[in-house]
Every structure is written in C-alpha cells, then in structure tokens.
$ cat query.txt   # compact mmCIF, C-alpha atoms
# COMPACT_ATOMS: atom_id res chain seq x y z
CA MET A 208 -0.20 4.51 12.36
CA LEU A 209 3.17 2.90 13.02
CA THR A 210 2.38 2.42 16.72
CA LYS A 211 -1.04 0.99 15.84
CA MET A 212 0.58 -1.46 13.46
CA LEU A 213 3.34 -2.41 15.87
CA ALA A 214 0.73 -3.10 18.56
CA GLN A 215 -0.97 -5.50 16.13
CA LEU A 216 2.39 -7.20 15.76
CA GLY A 217 2.79 -7.59 19.52
CA ILE A 218 5.37 -4.86 20.11
CA GLU A 219 4.97 -2.82 23.30
CA GLU A 220 4.17 0.82 22.56
CA GLU A 221 6.81 1.91 25.08
CA ARG A 222 9.46 0.76 22.64
CA VAL A 223 8.62 3.54 20.18
CA ARG A 224 8.60 7.23 21.03
CA LEU A 225 8.36 10.28 18.82
CA ASP A 226 9.44 13.60 20.29
CA TRP A 227 10.67 16.94 19.04
CA VAL A 228 13.79 18.56 20.43
CA SER A 229 15.40 21.71 19.11
CA ALA A 230 19.14 21.82 18.57
CA SER A 231 19.40 24.32 21.45
CA GLU A 232 17.71 22.05 23.97
CA GLY A 233 20.68 19.88 24.92
CA GLU A 234 19.43 19.12 28.37
CA ARG A 235 16.00 18.09 27.17
CA PHE A 236 17.58 15.84 24.56
CA ALA A 237 19.72 14.13 27.20
CA SER A 238 16.81 13.62 29.55
CA ILE A 239 14.62 12.12 26.83
CA VAL A 240 17.38 9.73 25.80
CA ASN A 241 17.92 8.75 29.43
CA GLU A 242 14.21 8.20 30.01
CA MET A 243 13.94 6.10 26.88
CA THR A 244 17.00 4.04 27.80
CA GLU A 245 15.59 3.44 31.27
CA GLN A 246 12.22 2.43 29.86
CA ILE A 247 13.75 -0.04 27.43
CA ARG A 248 15.96 -1.46 30.16
CA GLU A 249 12.86 -2.15 32.23
CA LEU A 250 11.18 -3.90 29.31
CA GLY A 251 14.23 -6.06 28.80
CA PRO A 252 15.67 -7.38 25.57
CA PHE A 253 13.47 -7.62 22.51
CA ASN A 254 13.18 -11.30 21.78
CA ARG A 255 11.93 -11.79 18.26
CA ASN A 256 11.25 -15.49 18.75
CA ASN A 257 10.87 -15.49 15.00
CA GLY A 258 8.65 -18.53 14.76
CA GLY A 259 11.60 -20.64 15.96
CA ASP A 260 10.57 -24.25 16.72
CA HIS A 261 7.56 -23.21 14.67
CA GLY A 262 6.69 -20.49 17.13
CA MET B 243 15.56 -34.40 -25.87
CA ALA B 244 14.23 -36.58 -23.08
CA LYS B 245 11.03 -35.28 -21.60
CA LEU B 246 11.35 -33.18 -18.47
CA LYS B 247 9.86 -34.53 -15.27
CA LEU B 248 7.55 -32.04 -13.61
CA GLY B 249 6.10 -32.25 -10.11
CA LEU B 250 3.45 -29.99 -8.59
CA TYR B 251 2.36 -29.82 -4.98
CA TRP B 252 0.00 -27.80 -2.81
CA ALA B 253 0.61 -27.09 0.85
CA ALA B 254 -1.27 -24.36 2.79
CA SER B 255 -3.11 -22.85 -0.17
CA CYS B 256 -6.58 -22.51 -1.62
CA GLY B 257 -6.08 -24.48 -4.84
CA GLY B 258 -6.12 -21.34 -6.99
CA CYS B 259 -2.49 -21.81 -8.04
CA ASP B 260 -3.26 -25.30 -9.37
CA VAL B 261 -6.27 -23.90 -11.23
CA ALA B 262 -4.03 -21.14 -12.65
CA VAL B 263 -1.79 -23.85 -14.14
CA LEU B 264 -4.86 -25.33 -15.86
CA ASP B 265 -5.88 -21.83 -17.00
CA VAL B 266 -3.07 -21.86 -19.56
CA ASN B 267 -5.78 -23.69 -21.57
CA GLU B 268 -4.55 -25.17 -24.84
CA LYS B 269 -0.95 -24.39 -23.91
CA ILE B 270 -1.23 -27.18 -21.33
CA LEU B 271 -0.73 -29.47 -24.35
CA ASP B 272 2.65 -27.84 -24.95
CA VAL B 273 3.47 -28.54 -21.33
CA ALA B 274 2.40 -32.16 -21.73
CA GLU B 275 4.51 -32.37 -24.90
CA MET B 276 7.55 -31.11 -23.09
CA ALA B 277 7.15 -32.69 -19.69
CA ASP B 278 5.85 -35.76 -17.93
CA ILE B 279 3.95 -34.80 -14.82
CA VAL B 280 5.10 -37.25 -12.17
CA PHE B 281 3.25 -35.86 -9.13
CA TRP B 282 0.23 -33.54 -8.89
CA PRO B 283 -2.20 -34.27 -6.07
CA ILE B 284 -5.03 -32.08 -7.42
CA ALA B 285 -5.09 -33.77 -10.81
CA LEU B 286 -3.27 -37.10 -10.82
CA ASP B 287 -3.38 -40.16 -8.62
CA PHE B 288 0.18 -40.36 -7.42
CA LYS B 289 0.83 -41.01 -3.73
CA TYR B 290 3.61 -39.90 -1.41
CA HIS B 291 5.19 -43.38 -1.56
CA HIS B 292 5.59 -43.00 -5.33
CA VAL B 293 7.67 -39.89 -4.70
CA GLU B 294 9.62 -41.61 -1.92
CA ALA B 295 10.51 -44.40 -4.36
CA MET B 296 12.06 -41.98 -6.88
CA PRO B 297 15.83 -41.59 -7.00
CA ASP B 298 17.14 -38.27 -5.61
CA LYS B 299 17.02 -35.32 -8.07
CA ASP B 300 14.77 -37.34 -10.38
CA ILE B 301 12.19 -34.55 -10.81
CA ASP B 302 13.54 -31.76 -13.02
CA ILE B 303 11.22 -28.98 -11.85
CA CYS B 304 8.94 -28.88 -8.85
CA LEU B 305 6.29 -26.15 -8.73
CA PHE B 306 5.39 -25.90 -5.04
CA ASN B 307 2.40 -23.75 -4.11
CA GLY B 308 1.17 -22.95 -0.64
CA ALA B 309 2.80 -21.94 2.63
CA VAL B 310 4.13 -24.44 5.15
CA ARG B 311 2.18 -24.68 8.41
CA SER B 312 2.01 -28.35 9.32
CA SER B 313 4.38 -31.24 9.88
CA GLU B 314 2.98 -32.98 6.78
CA GLN B 315 3.66 -29.96 4.57
CA GLU B 316 7.17 -29.59 5.95
CA SER B 317 8.03 -33.23 5.38
CA ILE B 318 6.66 -33.22 1.82
CA ALA B 319 8.55 -29.98 1.09
CA LYS B 320 11.76 -31.69 2.26
CA LEU B 321 10.95 -34.86 0.32
CA LEU B 322 10.26 -32.94 -2.90
CA ARG B 323 13.41 -30.86 -2.36
CA ALA B 324 15.48 -34.05 -2.17
CA LYS B 325 13.82 -35.47 -5.30
CA SER B 326 13.93 -32.28 -7.40
CA LYS B 327 16.73 -30.57 -9.30
CA THR B 328 14.92 -27.23 -9.31
CA MET B 329 12.47 -26.05 -6.67
CA VAL B 330 10.10 -23.22 -7.57
CA ALA B 331 8.08 -21.36 -4.93
CA PHE B 332 4.92 -20.96 -6.98
CA GLY B 333 2.43 -18.29 -5.91
CA SER B 334 2.30 -15.78 -3.08
CA CYS B 335 1.78 -18.33 -0.28
CA ALA B 336 4.91 -20.32 -1.12
CA CYS B 337 6.88 -17.10 -1.74
CA PHE B 338 5.74 -14.91 1.17
CA GLY B 339 3.21 -16.84 3.29
CA GLY B 340 0.22 -15.35 1.48
CA ILE B 341 -3.26 -15.17 2.98
CA PRO B 342 -2.65 -18.19 5.28
CA ALA B 343 0.17 -16.20 6.90
CA LEU B 344 -2.41 -13.82 8.38
CA ALA B 345 -2.71 -16.64 10.94
CA ASN B 346 0.64 -15.36 12.21
CA PHE B 347 -1.34 -12.63 13.99
CA ALA B 348 -2.66 -15.45 16.19
CA THR B 349 -1.23 -18.57 17.80
CA ARG B 350 -2.12 -22.20 17.27
CA ALA B 351 -4.04 -22.14 20.57
CA ASP B 352 -6.05 -19.09 19.40
CA ILE B 353 -6.87 -20.81 16.11
CA MET B 354 -7.97 -24.06 17.78
CA GLU B 355 -10.11 -22.13 20.26
CA ARG B 356 -11.79 -20.15 17.50
CA ALA B 357 -12.29 -22.98 15.02
CA TYR B 358 -13.40 -25.78 17.37
CA ILE B 359 -14.91 -24.03 20.40
CA GLU B 360 -15.88 -20.39 19.80
CA ALA B 361 -17.29 -20.44 16.25
CA PRO B 362 -21.11 -20.33 16.42
CA SER B 363 -21.51 -23.31 14.11
CA ASN B 364 -19.76 -25.65 16.56
CA ASP B 365 -21.50 -28.23 18.72
CA ASN B 366 -18.63 -29.29 20.91
CA PRO B 367 -19.69 -29.29 24.59
CA ASP B 368 -16.72 -31.44 25.64
CA LYS B 369 -14.32 -28.98 23.96
CA VAL B 370 -12.62 -31.71 21.98
CA LEU B 371 -9.65 -30.46 19.94
CA PRO B 372 -7.84 -32.32 17.17
CA GLN B 373 -4.98 -34.38 18.60
CA ILE B 374 -1.81 -35.45 16.88
CA LYS B 375 -2.33 -39.00 18.21
CA THR B 376 -5.66 -40.53 19.17
CA GLN B 377 -6.30 -44.01 20.55
CA VAL B 378 -9.33 -45.77 19.11
CA ALA B 379 -10.44 -49.39 19.35
CA GLU B 380 -8.75 -50.15 16.03
CA GLY B 381 -5.41 -48.68 17.07
CA GLU B 382 -3.68 -45.32 17.02
CA LEU B 383 -4.71 -42.55 14.62
CA GLU B 384 -2.31 -39.80 13.67
CA LEU B 385 -2.86 -36.28 12.30
CA PRO B 386 -0.19 -33.84 11.12
CA GLU B 387 0.82 -31.20 13.68
CA LEU B 388 -0.41 -27.66 13.01
CA TYR B 389 2.39 -25.15 13.60
CA ASP B 390 2.08 -21.92 15.55
CA THR B 391 3.74 -20.05 12.71
CA VAL B 392 3.01 -20.16 8.98
CA LEU B 393 6.31 -20.34 7.07
CA THR B 394 7.36 -19.59 3.51
CA LEU B 395 8.77 -22.44 1.43
CA ALA B 396 12.25 -20.88 1.51
CA GLN B 397 12.15 -20.88 5.32
CA VAL B 398 11.95 -24.68 5.17
CA VAL B 399 14.01 -25.76 2.14
CA ASP B 400 16.33 -24.17 -0.46
CA VAL B 401 14.41 -22.60 -3.32
CA GLU B 402 15.80 -21.78 -6.78
CA TYR B 403 13.04 -19.56 -8.21
CA PHE B 404 10.13 -17.51 -6.96
CA VAL B 405 6.99 -17.00 -9.05
CA PRO B 406 4.71 -14.63 -7.12
CA GLY B 407 1.03 -13.90 -7.58
CA CYS B 408 -2.30 -14.85 -6.09
CA PRO B 409 -2.44 -16.78 -8.32
CA PRO B 410 0.49 -16.27 -10.72
CA PRO B 411 -1.05 -14.83 -13.91
CA VAL B 412 -1.12 -17.03 -16.99
CA PRO B 413 1.40 -14.97 -19.05
CA LEU B 414 3.89 -15.33 -16.20
CA ILE B 415 3.30 -19.09 -16.02
CA LEU B 416 3.87 -19.34 -19.77
CA LYS B 417 7.07 -17.33 -19.36
CA VAL B 418 8.26 -19.87 -16.79
CA VAL B 419 7.26 -22.81 -18.99
CA GLU B 420 9.05 -21.29 -21.95
CA ALA B 421 12.16 -20.56 -19.89
CA ILE B 422 12.20 -24.19 -18.77
CA ALA B 423 11.59 -25.50 -22.29
CA THR B 424 14.35 -23.44 -23.85
CA ASN B 425 16.66 -23.96 -20.87
CA ASN B 426 16.76 -20.23 -20.43
CA LEU B 427 16.20 -19.89 -16.70
CA PRO B 428 17.67 -16.89 -14.85
CA PRO B 429 20.33 -17.38 -12.18
CA PRO B 430 19.03 -19.20 -9.07
CA GLY B 431 17.42 -16.99 -6.45
CA ALA B 432 15.59 -14.93 -9.07
CA VAL B 433 12.01 -13.75 -8.70
CA ILE B 434 10.37 -14.39 -12.05
CA ALA B 435 8.40 -11.15 -12.47
CA SER B 436 9.40 -7.52 -12.97
CA ASP B 437 12.22 -5.78 -11.10
CA LYS B 438 10.20 -2.57 -10.95
CA THR B 439 7.33 -1.62 -8.69
CA LEU B 440 3.75 -1.91 -9.84
CA CYS B 441 3.54 1.93 -9.83
CA ASP B 442 6.31 2.00 -12.43
CA GLU B 443 4.22 -0.16 -14.74
CA CYS B 444 0.81 1.36 -14.01
CA ASP B 445 -0.71 3.44 -16.82
CA ARG B 446 -2.96 5.58 -14.65
CA LYS B 447 -2.56 9.33 -14.66
CA LYS B 448 -0.40 10.42 -11.76
CA GLU B 449 -0.48 14.03 -10.66
CA GLU B 450 0.37 15.05 -7.17
CA LYS B 451 0.81 12.42 -4.49
CA LYS B 452 -1.08 14.15 -1.70
CA ILE B 453 -4.08 12.74 0.09
CA SER B 454 -6.15 14.08 2.93
CA LYS B 455 -8.80 11.38 3.24
CA ILE B 456 -8.52 7.60 3.12
CA TYR B 457 -11.33 5.64 1.47
CA ARG B 458 -11.94 1.91 1.64
CA PRO B 459 -12.75 0.53 -1.85
CA HIS B 460 -16.50 0.28 -1.20
CA GLU B 461 -16.74 3.88 0.01
CA ILE B 462 -15.87 5.57 -3.27
CA ASP B 463 -16.49 5.24 -6.98
CA PRO B 464 -12.98 5.87 -8.26
CA ASP B 465 -12.05 7.71 -11.44
CA PRO B 466 -10.84 4.93 -13.79
CA GLU B 467 -8.09 7.13 -15.27
CA ARG B 468 -6.39 8.57 -12.20
CA CYS B 469 -3.97 7.00 -9.72
CA LEU B 470 -6.01 5.18 -7.06
CA LEU B 471 -3.69 6.17 -4.24
CA GLU B 472 -4.05 9.85 -5.17
CA GLN B 473 -7.82 9.34 -4.85
CA GLY B 474 -7.32 8.17 -1.27
CA ILE B 475 -7.60 4.42 -1.85
CA LEU B 476 -4.86 2.37 -0.23
CA CYS B 477 -3.19 0.87 -3.29
CA MET B 478 -0.10 -1.20 -2.53
CA GLY B 479 1.53 -0.28 -5.87
CA PRO B 480 4.45 1.72 -4.39
CA ALA B 481 5.54 -1.23 -2.22
CA THR B 482 4.75 -4.10 -4.58
CA ARG B 483 6.69 -5.80 -7.36
CA GLY B 484 5.30 -5.37 -10.86
CA GLY B 485 5.00 -8.00 -13.57
CA CYS B 486 1.40 -8.96 -12.84
CA GLY B 487 -0.05 -7.04 -15.79
CA ALA B 488 -1.89 -4.69 -13.39
CA LEU B 489 -4.98 -6.92 -13.49
CA CYS B 490 -6.62 -5.43 -10.38
CA ILE B 491 -5.77 -1.85 -11.29
CA ASN B 492 -7.33 -2.31 -14.74
CA VAL B 493 -10.68 -3.18 -13.16
CA ASN B 494 -10.53 -0.19 -10.80
CA MET B 495 -9.46 -2.17 -7.75
CA PRO B 496 -6.39 -1.21 -5.73
CA CYS B 497 -3.31 -3.41 -5.62
CA ARG B 498 -3.35 -5.63 -2.54
CA GLY B 499 0.32 -6.53 -2.73
CA CYS B 500 0.28 -10.18 -3.84
CA PHE B 501 3.53 -9.87 -5.82
CA GLY B 502 5.45 -9.12 -2.63
CA PRO B 503 8.11 -6.48 -2.08
CA PRO B 504 9.98 -5.08 -5.12
CA ALA B 505 13.68 -5.77 -5.66
CA GLY B 506 15.77 -4.27 -2.88
CA VAL B 507 12.93 -3.94 -0.36
CA ILE B 508 13.13 -6.19 2.68
CA ASP B 509 9.83 -5.42 4.38
CA GLN B 510 6.77 -4.67 2.24
CA GLY B 511 4.52 -3.46 5.08
CA ALA B 512 7.11 -1.08 6.50
CA LYS B 513 7.70 0.33 3.00
CA MET B 514 3.99 0.93 2.52
CA VAL B 515 3.57 2.63 5.91
CA SER B 516 6.37 4.95 4.96
CA ALA B 517 4.76 5.66 1.56
CA VAL B 518 1.34 6.42 3.05
CA ALA B 519 2.74 8.53 5.87
CA SER B 520 4.73 10.66 3.46
CA ILE B 521 1.79 11.54 1.19
CA TYR B 522 -0.85 12.12 3.86
CA GLN B 523 -1.54 15.82 4.36
CA ALA B 524 -2.28 16.34 8.03
CA ASN B 525 -2.97 19.63 9.74
CA GLY B 526 -2.53 18.77 13.34
CA GLU B 527 -3.12 15.88 15.69
CA GLU B 528 -6.81 15.41 14.91
CA ASP B 529 -6.10 14.80 11.19
CA ILE B 530 -3.52 12.22 12.09
CA ALA B 531 -5.88 10.53 14.52
CA GLN B 532 -8.54 10.46 11.78
CA MET B 533 -6.15 8.78 9.36
CA VAL B 534 -5.24 6.18 11.97
CA ARG B 535 -8.96 5.50 12.51
CA ASP B 536 -9.60 5.27 8.76
CA ILE B 537 -6.88 2.69 8.26
CA VAL B 538 -8.76 0.08 10.24
CA ASP B 539 -6.26 -2.76 10.05
CA PRO B 540 -2.83 -1.44 9.00
CA ALA B 541 -0.87 -4.63 9.69
CA GLY B 542 -3.42 -6.84 7.95
CA THR B 543 -3.64 -4.45 4.99
CA PHE B 544 0.07 -3.84 4.46
CA TYR B 545 1.15 -7.42 5.21
CA ARG B 546 -1.88 -9.02 3.57
CA PHE B 547 0.26 -11.44 1.56
CA GLY B 548 3.66 -11.07 3.17
CA LEU B 549 3.59 -11.58 6.92
CA SER B 550 5.73 -14.76 6.95
CA ASP B 551 8.29 -13.02 4.76
CA SER B 552 8.37 -9.79 6.80
CA MET B 553 11.12 -8.86 9.24
CA LEU B 554 9.01 -9.83 12.23
CA LYS B 555 7.45 -12.89 10.52
CA ARG B 556 4.58 -12.98 12.97
CA LYS B 557 2.94 -11.30 15.93
CA ARG B 558 5.51 -11.45 18.66
CA LEU B 559 4.88 -14.12 21.23
CA GLN B 560 5.38 -12.92 24.79
CA ARG B 561 7.35 -15.97 25.67
CA ARG B 562 10.85 -16.34 27.04

$ encode --input "query.txt" --output "structure tokens"
Amino acid sequence: MLTKMLAQLGIEEERVRLDWVSASEGERFASIVNEMTEQIRELGPFNRNNGGDHG
Amino acid sequence: MAKLKLGLYWAASCGGCDVAVLDVNEKILDVAEMADIVFWPIALDFKYHHVEAMPDKDIDICLFNGAVRSSEQESIAKLLRAKSKTMVAFGSCACFGGIPALANFATRADIMERAYIEAPSNDNPDKVLPQIKTQVAEGELELPELYDTVLTLAQVVDVEYFVPGCPPPVPLILKVVEAIATNNLPPPGAVIASDKTLCDECDRKKEEKKISKIYRPHEIDPDPERCLLEQGILCMGPATRGGCGALCINVNMPCRGCFGPPAGVIDQGAKMVSAVASIYQANGEEDIAQMVRDIVDPAGTFYRFGLSDSMLKRKRLQRR
C-alpha cells in the first residue's frame, strides 16, 4: 500500500525496499545494503521541489 | 468598546465556508452587534481598492477561507495580511489545501489539457488555452496566473489561528466569535478545535481493531453502534483531529479527515497508512495484494483534505 501511494505521489518504487534478513545473515545484510545504496546512487538525489516557484 | 472590524475572503474554495458563517442563523446578529464587516465578497459590495485604501492593521480579524492557487489569491492574501491584526485560516482549504489541493496530483499543464481540450463538453478545435495576457482590439486583457501547486494560506502569509473543517461546524464558529468578543483567544499558532483525535471523541463501540476486508461506504450497510473502521470501512478517525462533533460518524458515514492531522502529527496520510497497515490481518501475499486492490486510491483517500499541508505537498515533479 505504501509503494502504491508513493507511486501516486511521484516517488520511484526503487527508492523503497522491504526485505527480511535474519541476525545471522551478515553477508546478506551487507549485500542488500550495498545494492540499495547503488540503486539510490543511480537514481540521484531526491529533489522534493516542494512547489517552489509555485511548482 | 469600539466595534471590531471583521473581514472575510474566499480564495480557492467552494463557498461552503461563507455559507457556514451564515448558518449561525440568528447569532449573526450578535456578530453584527460586535463587529462591522468591512470586506466580504460573497455578501457585501466592497472592492479590492477599498481594502487597499485602508490603513495597515485596520481590520481586527480576517477570516480567510480557501487555498491559494493563483496570483490573484496570493496578492489578496498578502494585502489582507498587511491590513489585518489577526489572520485566521478558516476551513480545511485555507488550513491544509482541502479538496482543491487534490490538484497537486497533477500539474497546471495537465489541468489545462483536461479542462480546455480533453473534456468531452469542449468545442475547442484550435486548442485555445487561457492566457495571462491577451491582445484584443480594445487593448490588453489580463487574467490571474494559475499556479502549478495549490498552497495553504500559511505557506503564503503568517497566520495566527487555524479553524479547520469542511466547512467549520457552527458550534466551532460560535466558539471563535465568542473568543473574539471576550478577547479570550488562545496563543497565536493555535488550531481552534480539539487536541485529541476524532477516535478519542467518538462514542461508537470499539472492540478489537482487526480487519480482514476493506469496504467502500456504498458496499456495506454498517452497524450504527460499532466502530466503522472495525467494520472494514476506511474511517480517518485515528489520523484526524477531533472537535467537529463527529457529524459524519453520527450519520453512519466514515470520517474523511477534514479536520487535518491531530496535535503532534506532521503527516496525516502517512499516519493513516500506518494505522490501516497495523490493523489489517493478512495471511500471506495474496491477502496483502487484495487489500492494496481494495484501497483504490490510497493517496487521494488519506490526503483527501491535506495534500498541500503534507510533507511532500504535491506529486513530485520530475524536474531538475
């Protein structure tokens, strides 16, 4: 529901990810964080543009 | 005591807030006793130049309803701010953007396209759109500029008080009038309503907050005694400020959130998503997918009155 709503608000779905990692899966945790970081880096900064100069 | 000077204005609104002021019925005479109305476009024939001619801070209280989405509305908001001692954002549109703020899911270009070209009732083969300046034989004509983004009043000028509601209910209006009359206004910045959520003030029987099916209001005949949310109807009570008198709830309709977020909540829609997600009983992916399908328009439902006031303010524009 959150991703559906964020899409309506113009936010790329790649910016949100839900995953499950057990406390014993250190390597998996690191690789997910790295993947996510890489993905966000590709998307670039999140400019809110906030309706500035009236949008 | 000298009579107070009262000004009222409407910007991007439907007129319901002005009608709500008249709905105080015979109490309007008390208002007239206590105050001279010096500007009220819906009811009295004062023009902008009359306001411009007033000294600064001449109006004691200005009740401003409607959101701000055009250059005209912005300039009148600034004019009235300069001429008023106390500025009140009156009604959900002035407070949070209200229904007009749903336009923040689109852009000005989308709106023009839809209203003047796409809509089936148009006959506009040359695709003429309203222009800010138009040359005609008699000279130049000017229209206010429509903004891409619908703004709240407080995003344009400083505001002392917020009176939410679509429209503000009569008892709340009388409370404001009385507070003005007895010089008993709360500290500036206050929202004149309740500090609790609507759920806190709702008399319905609440049992266990667990739902496994979402119903739209027309799909179910709800039990008039039990909590609507527990019956699977999306009621905005948990994420909405109380003080409205639960008018919708009392006629078996769910809260739609017109009183905005309760004290301490920044983003009404996000709060409601979190409330719904935490009470929905899902057994596996398919249940979750079903819920997402059943909530047809989450952003429009949870930000129905508050998109301008939300953290994102509008649909993000993919623009650098």

$ atom_distance --input "query.txt" --atom1 "CA of Ile301 (chain B)" --atom2 "CA of Leu248 (chain B)"
6.0 Å

$ closest_residue --input "query.txt" --among "B:Ala345, B:Leu489, B:Met495, B:Leu305" --to "chain A" --atoms "all atoms listed in the file"
B:Ala345

$ residues_around --input "query.txt" --residues "Ile508 (chain B)" --least-positions-apart "4" --cutoff "9 Å" --atoms "all atoms listed in the file" --output "list in words"
Pro503, Pro504, Ala512, Lys513, Asp551, Ser552 and Met553 of chain B

$ closest_atom_pairs --input "query.txt" --of "chain B" --to "chain A" --cutoff "10 Å" --atoms "all atoms listed in the file" --output "CSV"
residue,atom,partner,partner_atom,distance
B:Arg311,CA,A:His261,CA,8.4
B:Ser312,CA,A:His261,CA,9.3
B:Ser313,CA,A:His261,CA,9.9
B:Asn346,CA,A:Gly258,CA,9.0
B:Phe347,CA,A:Leu216,CA,6.8
B:Ala348,CA,A:Leu216,CA,9.7
B:Thr349,CA,A:Gly262,CA,8.2
B:Arg350,CA,A:Gly262,CA,9.0
B:Leu388,CA,A:His261,CA,9.3
B:Tyr389,CA,A:His261,CA,5.6
B:Asp390,CA,A:Gly262,CA,5.1
B:Thr391,CA,A:His261,CA,5.3
B:Val392,CA,A:His261,CA,7.9
B:Leu393,CA,A:His261,CA,8.2
B:Gly511,CA,A:Met212,CA,9.5
B:Ala512,CA,A:Leu209,CA,8.6
B:Val515,CA,A:Leu209,CA,7.1
B:Ser516,CA,A:Leu209,CA,8.9
B:Val518,CA,A:Met208,CA,9.6
B:Ala519,CA,A:Met208,CA,8.2
B:Ile530,CA,A:Met208,CA,8.4
B:Ala531,CA,A:Met208,CA,8.6
B:Met533,CA,A:Met208,CA,7.9
B:Val534,CA,A:Met208,CA,5.3
B:Arg535,CA,A:Met208,CA,8.8
B:Ile537,CA,A:Met208,CA,8.0
B:Val538,CA,A:Lys211,CA,9.6
B:Asp539,CA,A:Met212,CA,7.8
B:Pro540,CA,A:Met212,CA,5.6
B:Ala541,CA,A:Met212,CA,5.1
B:Gly542,CA,A:Gln215,CA,8.6
B:Thr543,CA,A:Met212,CA,9.9
B:Phe544,CA,A:Met212,CA,9.3
B:Leu549,CA,A:Leu216,CA,9.9
B:Ser550,CA,A:Gly258,CA,9.2
B:Met553,CA,A:Asn257,CA,8.8
B:Leu554,CA,A:Asn257,CA,6.6
B:Lys555,CA,A:Asn257,CA,6.2
B:Arg556,CA,A:Leu216,CA,6.8
B:Lys557,CA,A:Leu216,CA,4.1
B:Arg558,CA,A:Gly217,CA,4.8
B:Leu559,CA,A:Asn256,CA,7.0
B:Gln560,CA,A:Gly217,CA,7.9
B:Arg561,CA,A:Asn256,CA,8.0
B:Arg562,CA,A:Asn254,CA,7.6

$ atom_distance --input "query.txt" --atom1 "CA of Ser326 (chain B)" --atom2 "CA of Lys299 (chain B)"
4.4 Å

$ atom_distance --input "query.txt" --atom1 "CA of Trp282 (chain B)" --atom2 "CA of Ile434 (chain B)"
21.9 Å

$ residues_around --input "query.txt" --residues "Leu225 (chain A)" --least-positions-apart "3" --cutoff "12 Å" --atoms "all atoms listed in the file" --output "PyMOL selection string"
chain A and resi 209-210+220-222+228+239-240+243

$ decode --input "query.txt" --residues "region 229-251 of chain A" --atoms "C-alpha atoms" --output "CSV table (one decimal), in the first residue's frame"
chain,number,residue,atom,x,y,z
A,229,SER,CA,18.0,-12.7,10.0
A,230,ALA,CA,20.5,-11.6,12.5
A,231,SER,CA,22.8,-14.5,11.4
A,232,GLU,CA,22.8,-13.4,7.8
A,233,GLY,CA,25.5,-10.7,8.0
A,234,GLU,CA,26.7,-11.2,4.4
A,235,ARG,CA,23.2,-11.0,3.0
A,236,PHE,CA,22.5,-7.8,5.0
A,237,ALA,CA,25.6,-6.2,3.7
A,238,SER,CA,24.8,-7.1,0.1
A,239,ILE,CA,21.3,-5.8,0.4
A,240,VAL,CA,22.5,-2.5,1.8
A,241,ASN,CA,25.1,-2.2,-0.9
A,242,GLU,CA,22.6,-3.0,-3.7
A,243,MET,CA,20.2,-0.4,-2.2
A,244,THR,CA,22.9,2.2,-1.9
A,245,GLU,CA,24.0,1.6,-5.5
A,246,GLN,CA,20.4,1.8,-6.7
A,247,ILE,CA,19.8,5.1,-5.0
A,248,ARG,CA,23.1,6.5,-6.3
A,249,GLU,CA,21.9,5.7,-9.8
A,250,LEU,CA,18.6,7.5,-9.2
A,251,GLY,CA,20.4,10.5,-7.9
